[in-house]
file work_20.cif (mmCIF, C-alpha atoms)
data_query
loop_
_atom_site.label_atom_id
_atom_site.label_comp_id
_atom_site.auth_asym_id
_atom_site.auth_seq_id
_atom_site.Cartn_x
_atom_site.Cartn_y
_atom_site.Cartn_z
CA MET A 21 31.80 -46.83 71.03
CA ARG A 22 31.39 -45.99 67.37
CA LYS A 23 27.99 -45.35 65.87
CA THR A 24 27.28 -48.37 63.69
CA ALA A 25 23.77 -47.69 62.37
CA THR A 26 21.86 -44.85 60.77
CA GLU A 27 18.18 -44.74 59.93
CA LYS A 28 16.77 -43.40 56.70
CA GLY A 29 13.21 -43.93 55.50
CA GLY A 30 12.48 -46.76 57.94
CA THR A 31 15.54 -48.74 56.88
CA TYR A 32 18.63 -48.90 59.05
CA THR A 33 22.12 -48.95 57.53
CA VAL A 34 24.91 -50.79 59.33
CA ASP A 35 28.49 -50.28 58.16
CA LEU A 36 30.37 -53.52 58.81
CA THR A 37 33.71 -51.71 58.84
CA LYS A 38 32.61 -50.07 62.11
CA ILE A 39 31.79 -53.35 63.86
CA ASP A 40 34.41 -55.03 66.01
CA GLY A 41 34.60 -58.78 66.48
CA ASP A 42 33.08 -61.57 64.42
CA GLY A 43 30.53 -59.47 62.51
CA ALA A 44 27.62 -59.95 64.92
CA PHE A 45 25.64 -56.82 65.81
CA GLN A 46 22.38 -55.83 67.48
CA CYS A 47 19.29 -54.90 65.50
CA PRO A 48 19.25 -51.08 65.68
CA LYS A 49 15.55 -51.10 66.62
CA CYS A 50 14.93 -54.05 68.96
CA GLY A 51 18.42 -55.21 69.98
CA ALA A 52 18.14 -58.78 68.65
CA ILE A 53 21.59 -60.25 68.01
CA ILE A 54 22.19 -60.70 64.29
CA SER A 55 25.11 -63.02 63.65
CA PRO A 56 26.63 -64.14 60.35
CA GLU A 57 27.00 -67.57 61.95
CA ASP A 58 23.20 -67.97 62.27
CA GLU A 59 21.94 -69.83 59.21
CA THR A 60 18.51 -70.75 60.63
CA GLU A 61 16.66 -67.55 59.61
CA GLU A 62 14.99 -67.52 63.03
CA VAL A 63 16.39 -64.08 63.92
CA TYR A 64 16.72 -62.53 60.46
CA ALA A 65 16.07 -63.21 56.78
CA ILE A 66 18.05 -62.07 53.76
CA VAL A 67 15.84 -59.86 51.59
CA GLU A 68 18.23 -58.64 48.87
CA THR A 69 21.86 -58.94 47.81
CA LYS A 70 23.85 -56.55 45.60
CA VAL A 71 26.92 -57.79 43.78
CA LYS A 72 29.46 -55.87 41.66
CA LYS A 73 32.13 -57.70 39.67
CA ASP A 74 31.43 -60.96 41.52
CA GLU A 75 31.88 -59.30 44.94
CA LEU A 76 29.15 -58.73 47.51
CA THR A 77 28.71 -54.97 48.05
CA GLU A 78 25.47 -54.76 50.01
CA LEU A 79 23.03 -57.06 51.81
CA THR A 80 19.54 -56.19 53.01
CA LEU A 81 18.13 -58.15 55.95
CA LYS A 82 14.79 -58.20 57.73
CA CYS A 83 14.84 -58.64 61.50
CA ASN A 84 12.27 -61.32 62.29
CA GLN A 85 11.82 -59.97 65.83
CA CYS A 86 10.63 -56.44 64.95
CA GLY A 87 10.37 -56.39 61.15
CA SER A 88 13.04 -53.72 60.61
CA LYS A 89 14.96 -53.67 57.36
CA ILE A 90 18.72 -53.43 57.77
CA ARG A 91 21.12 -52.58 54.93
CA LEU A 92 24.60 -53.96 55.49
CA THR A 93 27.44 -52.08 53.79
CA GLY A 94 31.21 -52.12 54.14
CA PHE A 95 31.94 -55.57 52.78
CA LEU A 96 35.66 -55.93 52.12
CA SER A 97 37.08 -57.54 49.01
CA PRO A 98 39.59 -60.35 49.65
CA SER A 99 42.51 -57.98 48.93
CA GLU A 100 41.11 -55.38 51.40
CA GLU A 101 40.61 -58.10 54.03
CA ALA A 102 44.25 -59.16 53.73
CA ARG A 103 45.36 -55.56 54.31
CA HIS A 104 43.27 -55.28 57.52
CA LYS A 105 44.79 -58.40 59.11
#
call {"tool": "encode", "arguments": {"input": "work_20.cif", "output": "structure tokens"}}
result
Amino acid sequence: MRKTATEKGGTYTVDLTKIDGDGAFQCPKCGAIISPEDETEEVYAIVETKVKKDELTELTLKCNQCGSKIRLTGFLSPSEEARHK
């Protein structure tokens, strides 16, 4: 299993390129399942988004179970996604 999260200054960083499957992962602190399919904000809330040239580059979430902040990196541009399929 690949290491998917690192902690720095109380914020965890999750590299999405190291996650297999549909993009769901466990909160690095409490283990709550964070899924991109969940739009209810019961498990997590989006805190900040970073965009470069109209493409999402980073997303910061807050786990509603334990309060951890999680930085998501490794978003692929549409051309990169096509190459990985």
call {"tool": "residues_around", "arguments": {"input": "work_20.cif", "residues": "A:Cys50", "least_positions_apart": "3", "cutoff": "8 Å", "atoms": "only C-alpha atoms", "output": "ChimeraX atom specification"}}
result
/A:46-47,85-86
call {"tool": "write_last_selection", "arguments": {"input": "work_20.cif", "atoms": "C-alpha atoms", "output": "compact mmCIF listing (two decimals), in the frame of the given file"}}
result
# COMPACT_ATOMS: atom_id res chain seq x y z
CA GLN A 46 22.38 -55.83 67.48
CA CYS A 47 19.29 -54.90 65.50
CA GLN A 85 11.82 -59.97 65.83
CA CYS A 86 10.63 -56.44 64.95
call {"tool": "atom_distance", "arguments": {"input": "work_20.cif", "atom1": "atom CA of A:Leu81", "atom2": "atom CA of A:Pro56"}}
result
11.3 Å
call {"tool": "resolve_selection", "arguments": {"input": "work_20.cif", "expression": "the PyMOL selection byres ((chain A and resi 63-72) around 9)", "output": "list in words"}}
result
Ala52, Ile53, Ile54, Ser55, Asp58, Thr60, Glu61, Glu62, Lys73, Asp74, Glu75, Leu76, Thr77, Glu78, Leu79, Thr80, Leu81, Lys82, Cys83, Asn84, Gln85, Gly87 and Lys89 of chain A
call {"tool": "atom_distance", "arguments": {"input": "work_20.cif", "atom1": "atom CA of A:Arg91", "atom2": "atom CA of A:Gly51"}}
result
15.5 Å
call {"tool": "atom_distance", "arguments": {"input": "work_20.cif", "atom1": "atom CA of A:Thr33", "atom2": "atom CA of A:Phe95"}}
result
12.8 Å
call {"tool": "build_atoms", "arguments": {"input": "work_20.cif", "residues": "stretch 56-77 of chain A", "atoms": "N, CA, C and O atoms", "output": "CSV table (one decimal), in the frame of the given file"}}
result
chain,number,residue,atom,x,y,z
A,56,PRO,N,26.4,-63.5,61.6
A,56,PRO,CA,26.6,-64.1,60.4
A,56,PRO,C,26.7,-65.7,60.5
A,56,PRO,O,26.6,-66.4,59.5
A,57,GLU,N,26.9,-66.1,61.7
A,57,GLU,CA,27.0,-67.6,62.0
A,57,GLU,C,25.6,-68.2,62.0
A,57,GLU,O,25.5,-69.4,61.8
A,58,ASP,N,24.6,-67.4,62.2
A,58,ASP,CA,23.2,-68.0,62.3
A,58,ASP,C,22.6,-68.2,60.9
A,58,ASP,O,22.4,-67.3,60.1
A,59,GLU,N,22.5,-69.5,60.5
A,59,GLU,CA,21.9,-69.8,59.2
A,59,GLU,C,20.5,-70.3,59.3
A,59,GLU,O,20.0,-70.8,58.3
A,60,THR,N,19.8,-70.2,60.4
A,60,THR,CA,18.5,-70.8,60.6
A,60,THR,C,17.4,-69.8,60.1
A,60,THR,O,16.3,-70.3,59.9
A,61,GLU,N,17.6,-68.6,60.0
A,61,GLU,CA,16.7,-67.6,59.6
A,61,GLU,C,15.6,-67.4,60.7
A,61,GLU,O,14.5,-66.9,60.4
A,62,GLU,N,15.9,-67.8,61.9
A,62,GLU,CA,15.0,-67.5,63.0
A,62,GLU,C,15.0,-66.1,63.5
A,62,GLU,O,14.0,-65.5,63.8
A,63,VAL,N,16.2,-65.5,63.5
A,63,VAL,CA,16.4,-64.1,63.9
A,63,VAL,C,16.3,-63.1,62.8
A,63,VAL,O,15.7,-62.0,62.9
A,64,TYR,N,16.8,-63.4,61.6
A,64,TYR,CA,16.7,-62.5,60.5
A,64,TYR,C,16.6,-63.3,59.2
A,64,TYR,O,16.9,-64.5,59.1
A,65,ALA,N,16.2,-62.6,58.1
A,65,ALA,CA,16.1,-63.2,56.8
A,65,ALA,C,16.8,-62.3,55.8
A,65,ALA,O,16.7,-61.1,55.9
A,66,ILE,N,17.4,-62.9,54.8
A,66,ILE,CA,18.0,-62.1,53.8
A,66,ILE,C,17.0,-61.7,52.8
A,66,ILE,O,16.3,-62.5,52.2
A,67,VAL,N,16.9,-60.4,52.5
A,67,VAL,CA,15.8,-59.9,51.6
A,67,VAL,C,16.4,-59.6,50.2
A,67,VAL,O,15.8,-59.9,49.2
A,68,GLU,N,17.6,-59.0,50.2
A,68,GLU,CA,18.2,-58.6,48.9
A,68,GLU,C,19.7,-58.6,49.0
A,68,GLU,O,20.3,-58.3,50.0
A,69,THR,N,20.4,-59.0,47.9
A,69,THR,CA,21.9,-58.9,47.8
A,69,THR,C,22.2,-58.1,46.6
A,69,THR,O,21.5,-58.1,45.6
A,70,LYS,N,23.3,-57.3,46.7
A,70,LYS,CA,23.8,-56.6,45.6
A,70,LYS,C,25.3,-57.0,45.4
A,70,LYS,O,26.1,-57.0,46.3
A,71,VAL,N,25.6,-57.3,44.1
A,71,VAL,CA,26.9,-57.8,43.8
A,71,VAL,C,27.5,-56.9,42.6
A,71,VAL,O,26.7,-56.6,41.7
A,72,LYS,N,28.8,-56.6,42.7
A,72,LYS,CA,29.5,-55.9,41.7
A,72,LYS,C,30.7,-56.6,41.4
A,72,LYS,O,31.5,-56.9,42.3
A,73,LYS,N,30.9,-57.0,40.1
A,73,LYS,CA,32.1,-57.7,39.7
A,73,LYS,C,32.4,-58.9,40.5
A,73,LYS,O,33.5,-59.1,41.0
A,74,ASP,N,31.4,-59.7,40.7
A,74,ASP,CA,31.4,-61.0,41.5
A,74,ASP,C,31.8,-60.8,43.0
A,74,ASP,O,32.2,-61.7,43.7
A,75,GLU,N,31.6,-59.5,43.5
A,75,GLU,CA,31.9,-59.3,44.9
A,75,GLU,C,30.6,-58.7,45.6
A,75,GLU,O,30.0,-57.8,45.0
A,76,LEU,N,30.3,-59.2,46.8
A,76,LEU,CA,29.2,-58.7,47.5
A,76,LEU,C,29.4,-57.3,48.0
A,76,LEU,O,30.5,-57.0,48.6
A,77,THR,N,28.5,-56.4,47.6
A,77,THR,CA,28.7,-55.0,48.0
A,77,THR,C,27.7,-54.5,49.1
A,77,THR,O,28.0,-53.6,49.9
